[in-house]
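Written below as structure tokens is the structure these notes are about.
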Amino acid sequence: MSSSRALSLLSKHATTLSTSTRGKAHFTFQPSTTLPSGLESMEKSKMNLMQSVNEAMRIAMETDDSAVLFGEDVAFGGVFRCSLDLQKKFGKDRVFNTPLCEQGIAGFGIGVAAAGATAIAEIQFGDYIFPAYDQLVNEAAKFRYRSGNQFDCGKLTVRTTWGAVGHGALYHSQSPEANFTHTPGLKLVVPRGPIQAKGLLLSCIRDPNPCIFFEPKILYRLAAEDVPTGDYTIPLGQAETVRSGKDLTLVAWGTQVHVALEAAQLAKEKLNADVEVIDLQTIQPWDEDHVVESVQKTGRLIVTHEAPISSGFGAEITSTVQKRCFLNLESPIERVAGYDTPFPHVHEPFYLPTVHRVFDAIKKSVNY
Amino acid sequence: MALFARQLQSLTAQGIRSSQQVRLASSEVSFHTKPCKLHKLDSGPNTSVTLNREDALKYYRDMQVIRRMESAAGNLYKEKKIRGFCHLYSGQEACAVGMKAAMTEGDAVITAYRCHGWTWLLGATVTEVLAELTGRIAGNVHGKGGSMHMYTKSFFGGNGIVGAQQPLGAGVALAMKYRDQKNVCITLYGDGAANQGQLFEATNMAKLWDLPVLFVCENNGFGMGTAVERSSASTEYYTRGDYVPGLWVDGMDILAVREATKWAKEYCDSGKGPLMLEMATYRYHGHSMSDPGTSYRTRDEIQEVRKTRDPITGFKDRIITSGLATEEDLKAIDKEVRKEVDEALKVATSDGVLPPEALYVDIYHNTEAQTT
């Protein structure tokens with residue numbers, strides 16, 4: 001298949017590739033070309049992802065007296081500076097550090113939210129979310145259900161970092177969203193850039209359900225655009241078509257949207273194929289209708305994500321689209337994802353679903 | 001004896017440190033260490049310890065290798081030849097070397113990510129460590145593990161997830177007990193990790209089943225950028241085991257560490273169950289190479305520790321003043337160590353990288369190649 005060809009191609013340049021590309025990102029950030037509706041007239045300021053997240057939290061805490069932010073090292077600004085100056089502005093009783101205890105942080109956050117305060121809990125790296133998994137899956141997701149709506153922890157938003165960063169290796173690069181999509185009761189969101197991050201995070205914080213907001217750490221500084229400075233939200237559960245096309249639908253989220261856009265551009269130049277790129281934005285609940293409508297138009301689908309392919313969220317999308325668009329499909333649905341391995345150390349460039357692998361899948365689909 | 005008494009007089013007359021020294025008949029000297037603080041113990045390790053020349057030179061060399069190796073790693077990181085995460089042990093050498101000095105064949109160690117020094121001490125070469133950091137084939141895990149994942153026969157790593165190693169250590173100790181081994185599993189963790197729920201669970205199991213595990217908290221004062229007072233309701237980490245007896249040890253004094261570990265080992269070997277040790281130590285660098293280490297403490301503080309409590313210079317002073325070693329002895333060792341590290345550096349920066357097929361090796365037992 002395409003990936004083994006790519007692999008053999010890469011292995012010819014094994015040593016040089018892995019040493020020379022270790023310092024380079026595997027994608028180019030593509031700023032949004034359109035704004036969410038109604039925001040064209042709002043004043044804008046150039047911000048990167050870290051700043052837009054900071055902004056969203058500031059606005060959330062200004063407009064909601066009960067909002068508190070806590071996590072490891074958030075007081076001085078956080079390891080990625082997302083909570084910069086927030087303790088200064090809102091005080092030590094609203095922005096505070098926790099000890100090193102993810103399970104404790106999640107459980108504590110559920111309690112705070114259940115008692116009626118808006119809890120923004122930070123898990124420093126998505127790779128560390130697993131001690132908190134039991135709390136999130138067994139408590140947060142099921143609180144409303146098991147109490148017949150007498151209790152809920154809808155005021156909880158867990159923010160955590162996500163995805164490949166170029167040198168993170170096994171425990172600073174994971175995309176754990178699929179571990180949670182199997183749990184009804186949680187909402188899961190991944191932004192592709194600063195404009196979406198601010199609006200989506202505000203939506204998560206204000207949404208009456210427990211949400212996990214995954215922030216692509218590689219975009220914190222790399223992704224900068226003109227972000228509206230006011231208070232705005234982007235609705236959850238809505239996907240966005242970031243590039244229109246008629247020949248093939250390419251679905252991605254987070255950092256991978258930029259890889260997809262690059263592959264779409266390549267496809268236009270080399271194959272004269274018009275690829276439609278969709279940013280899913282909310283992974284759970286995902287905008288099925290939006291994707292289905294697109295595939296009904298194009299007849300071809302590729303889903304691409306950094307997480308390992310088996311049981312990655314691409315599998316769920318593929319299955320649903322297969323069912324709803326069976327007679328529309330012109331080619332088998334493809335998934336271009338990480339391999340079924342732990343996220344590697346030196347082999348990161350080979351593991352990632354790069355633009356070459358996505359392009360190969362596009363080529364295979366349109367030529368089927 | 002008169003000769004010795006005169007020598008003693010002349011030595012004390014020179015007004016050296018307050019710790020007394022007595023020259024014994026053989027080339028063995030006795031020193032005094034700070035007493036350990038005890039938790040639920042009636043007696044503790046000796047404060048009078050002996051050291052012979054051979055051990056003195058070995059411990060000095062071991063600490064210097066770690067110090068030099070970590071410096072080299074820091075420089076490689078600054079040159080971007082090491083990417084990702086790199087947590088240096090500089091300042092804490094006395095803990096590892098002291099504990100290793102008390103270990104016997106069959107003892108095991110497991111720690112978190114500040115593990116380069118431990119990996120070398122427990123059998124890897126400097127080349128294996130540095131080449132693993134740079135991701136080359138000569139590396140301890142051939143480049144697949146990186147800084148936080150290095151292993152040897154008696155060293156269970158090298159763990160990236162904080163606290164994960166605590167229950168693992170208890171498990172290793174269970175296996176030792178099951179096989180009737182007179183061994184211990186030294187399970188290390190930091191002051192930050194002391195607040196993980198897993199430690200509570202592991203401690204309970206260890207005490208319930210009298211497992212030969214030494215829970216050792218390497219308290220360097222900071223959990224990343226958070227000072228211990230701001231993360232922990234109790235900073236007496238050696239008492240946190242509650243029903244597990246504990247020892248507080250001066251972690252900057254390698255002889256104190258060795259003595260305490262020896263004592264602790266005897267305690268465990270006799271079947272009395274686990275102990276919780278706290279090594280009061282200090283790290284000069286930041287939490288990792290991404291942390292300058294000066295936004296939560298002053299440069300003055302770091303300099304102060306380097307000047308007054310450095311484990312290597314402190315030890316050096318002792319062994320020279322007591323006549324166990326000469327300046328020349330130590331200079332020769334320094335030279336040798338520099339050479340060893342420099343040669344390792346050469347390999348670490350020039351060796352090749354594993355081919356891409358290695359990506360899916362070792363997922364399972366005899367992992368099959370993937371076809372997608």
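Here, A, B, ... name the chains of the structure tokens in the order displayed, residue numbers run from 1 inside each chain, and ligands are numbered from 1 in the same displayed order.
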Q. Where does DSSP see alpha helix (DSSP H) in stretch 126-292 of chain A, if you list the residues as number ranges by chain?
A. A: 133-134, 143-146, 177-181, 194-206, 219-222, 256-271, 288-292
Q) If we count only C-alpha atoms, what is near B:Met150 at a cut-off of 7 Å, once residues fewer than 6 positions away on the same chain are taken out, given as a ChimeraX atom specification? A) /B:119,140-141,157-158
Residues from the last selection, C-alpha atoms, saved as a PDB file, in the first residue's frame:
ATOM      1  CA  THR B 119      21.470   3.735  34.354  1.00  0.00           C
ATOM      2  CA  ASN B 140      20.712   1.692  25.662  1.00  0.00           C
ATOM      3  CA  VAL B 141      17.371   1.127  23.931  1.00  0.00           C
ATOM      4  CA  GLY B 157      14.038   2.181  34.376  1.00  0.00           C
ATOM      5  CA  GLY B 158      13.577   5.099  33.645  1.00  0.00           C
TER       6      GLY B 158
END
Q. Which one of A:Ser310, A:Ser83, A:Thr298, A:Gln196 sits closest to chain B if you count only C-alpha atoms?
A. A:Ser310
Q | Option closest in space to chain B, from A:Gly166, A:Gly185, A:Gly111, A:Pro176 [counting only C-alpha atoms] | A | A:Gly166
Q.
Can you work out which residues from chain A touch chain B at a cut-off of 6 Å (counting only C-alpha atoms) and hand them back as a PyMOL selection string?
A. chain A and resi 15+99-101+167-168+345-346
Q) Near A:Phe76, counting only C-alpha atoms, which residues have an atom at most 12 Å away, once you skip same-chain residues fewer than 5 positions from it, shown as a PyMOL selection string? A) (chain A and resi 70-71+81-89+91-92+95-97) or (chain B and resi 225-226+295-296)
Q | Test item: residues at most 8 Å from stretch 185-190 of chain B, only C-alpha atoms, excluding those fewer than 2 positions along its chain, as a ChimeraX atom specification | A | /B:107-112,163,165-166,169-170,172-173,183,192-194,212-220,223
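Here the question is which of A:Ser365, A:Ser41, A:Thr118, A:Asn138 gets nearest to A:Thr183 using only C-alpha atoms, and that residue is A:Asn138.
Those residues that approach B:Asn204 to within 10 Å, counting only C-alpha atoms, are B:Ala170, B:Gln198, B:Leu199, B:Phe200, B:Glu201, B:Ala202, B:Ala206, B:Lys207, B:Leu208, B:Trp209, B:Asp210, B:Gly241, B:Asp242, B:Tyr243, B:Val244, B:Pro274; same-chain residues fewer than 2 positions away are not listed.
For B:Ser71, the list of residues within 8 Å, based on only C-alpha atoms and with local chain neighbours fewer than 4 positions off taken out, reads Arg67, Asn75 and Ser90 of chain B.
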Q.
Write out as a PyMOL selection string the set of residues from stretch 64-155 of chain A that DSSP, computed on the backbone, places in strand (DSSP E).
A. chain A and resi 68-71+95-97+119-123
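When the distance limit is 10 Å and only C-alpha atoms are what count, the residues near B:Met99, minus those fewer than 3 positions from it on the same chain, are Ala94, Cys95, Ala96, Ala102, Met103, Val109, Ile186, Ile254, Leu255, Ala256, Val257, Arg258, Glu259, Ala260, Thr261 and Lys262 of chain B.
Among B:Asp42, B:Leu130, B:Leu51, B:Glu105, the residue with the shortest atom-to-atom distance to B:Ile319, counting only C-alpha atoms, is B:Leu51.
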Q) Pick the closest to A:Gln51 from A:Trp162, A:Phe313, A:Tyr220, A:Tyr351: which is it, counting only C-alpha atoms? A) A:Tyr220
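Atom CA of B:Val97 sits 23.0 Å away from atom CA of B:Gln181.
Distance-wise, atom CA of A:Val321 and atom CA of A:Ala307 end up 19.8 Å apart.
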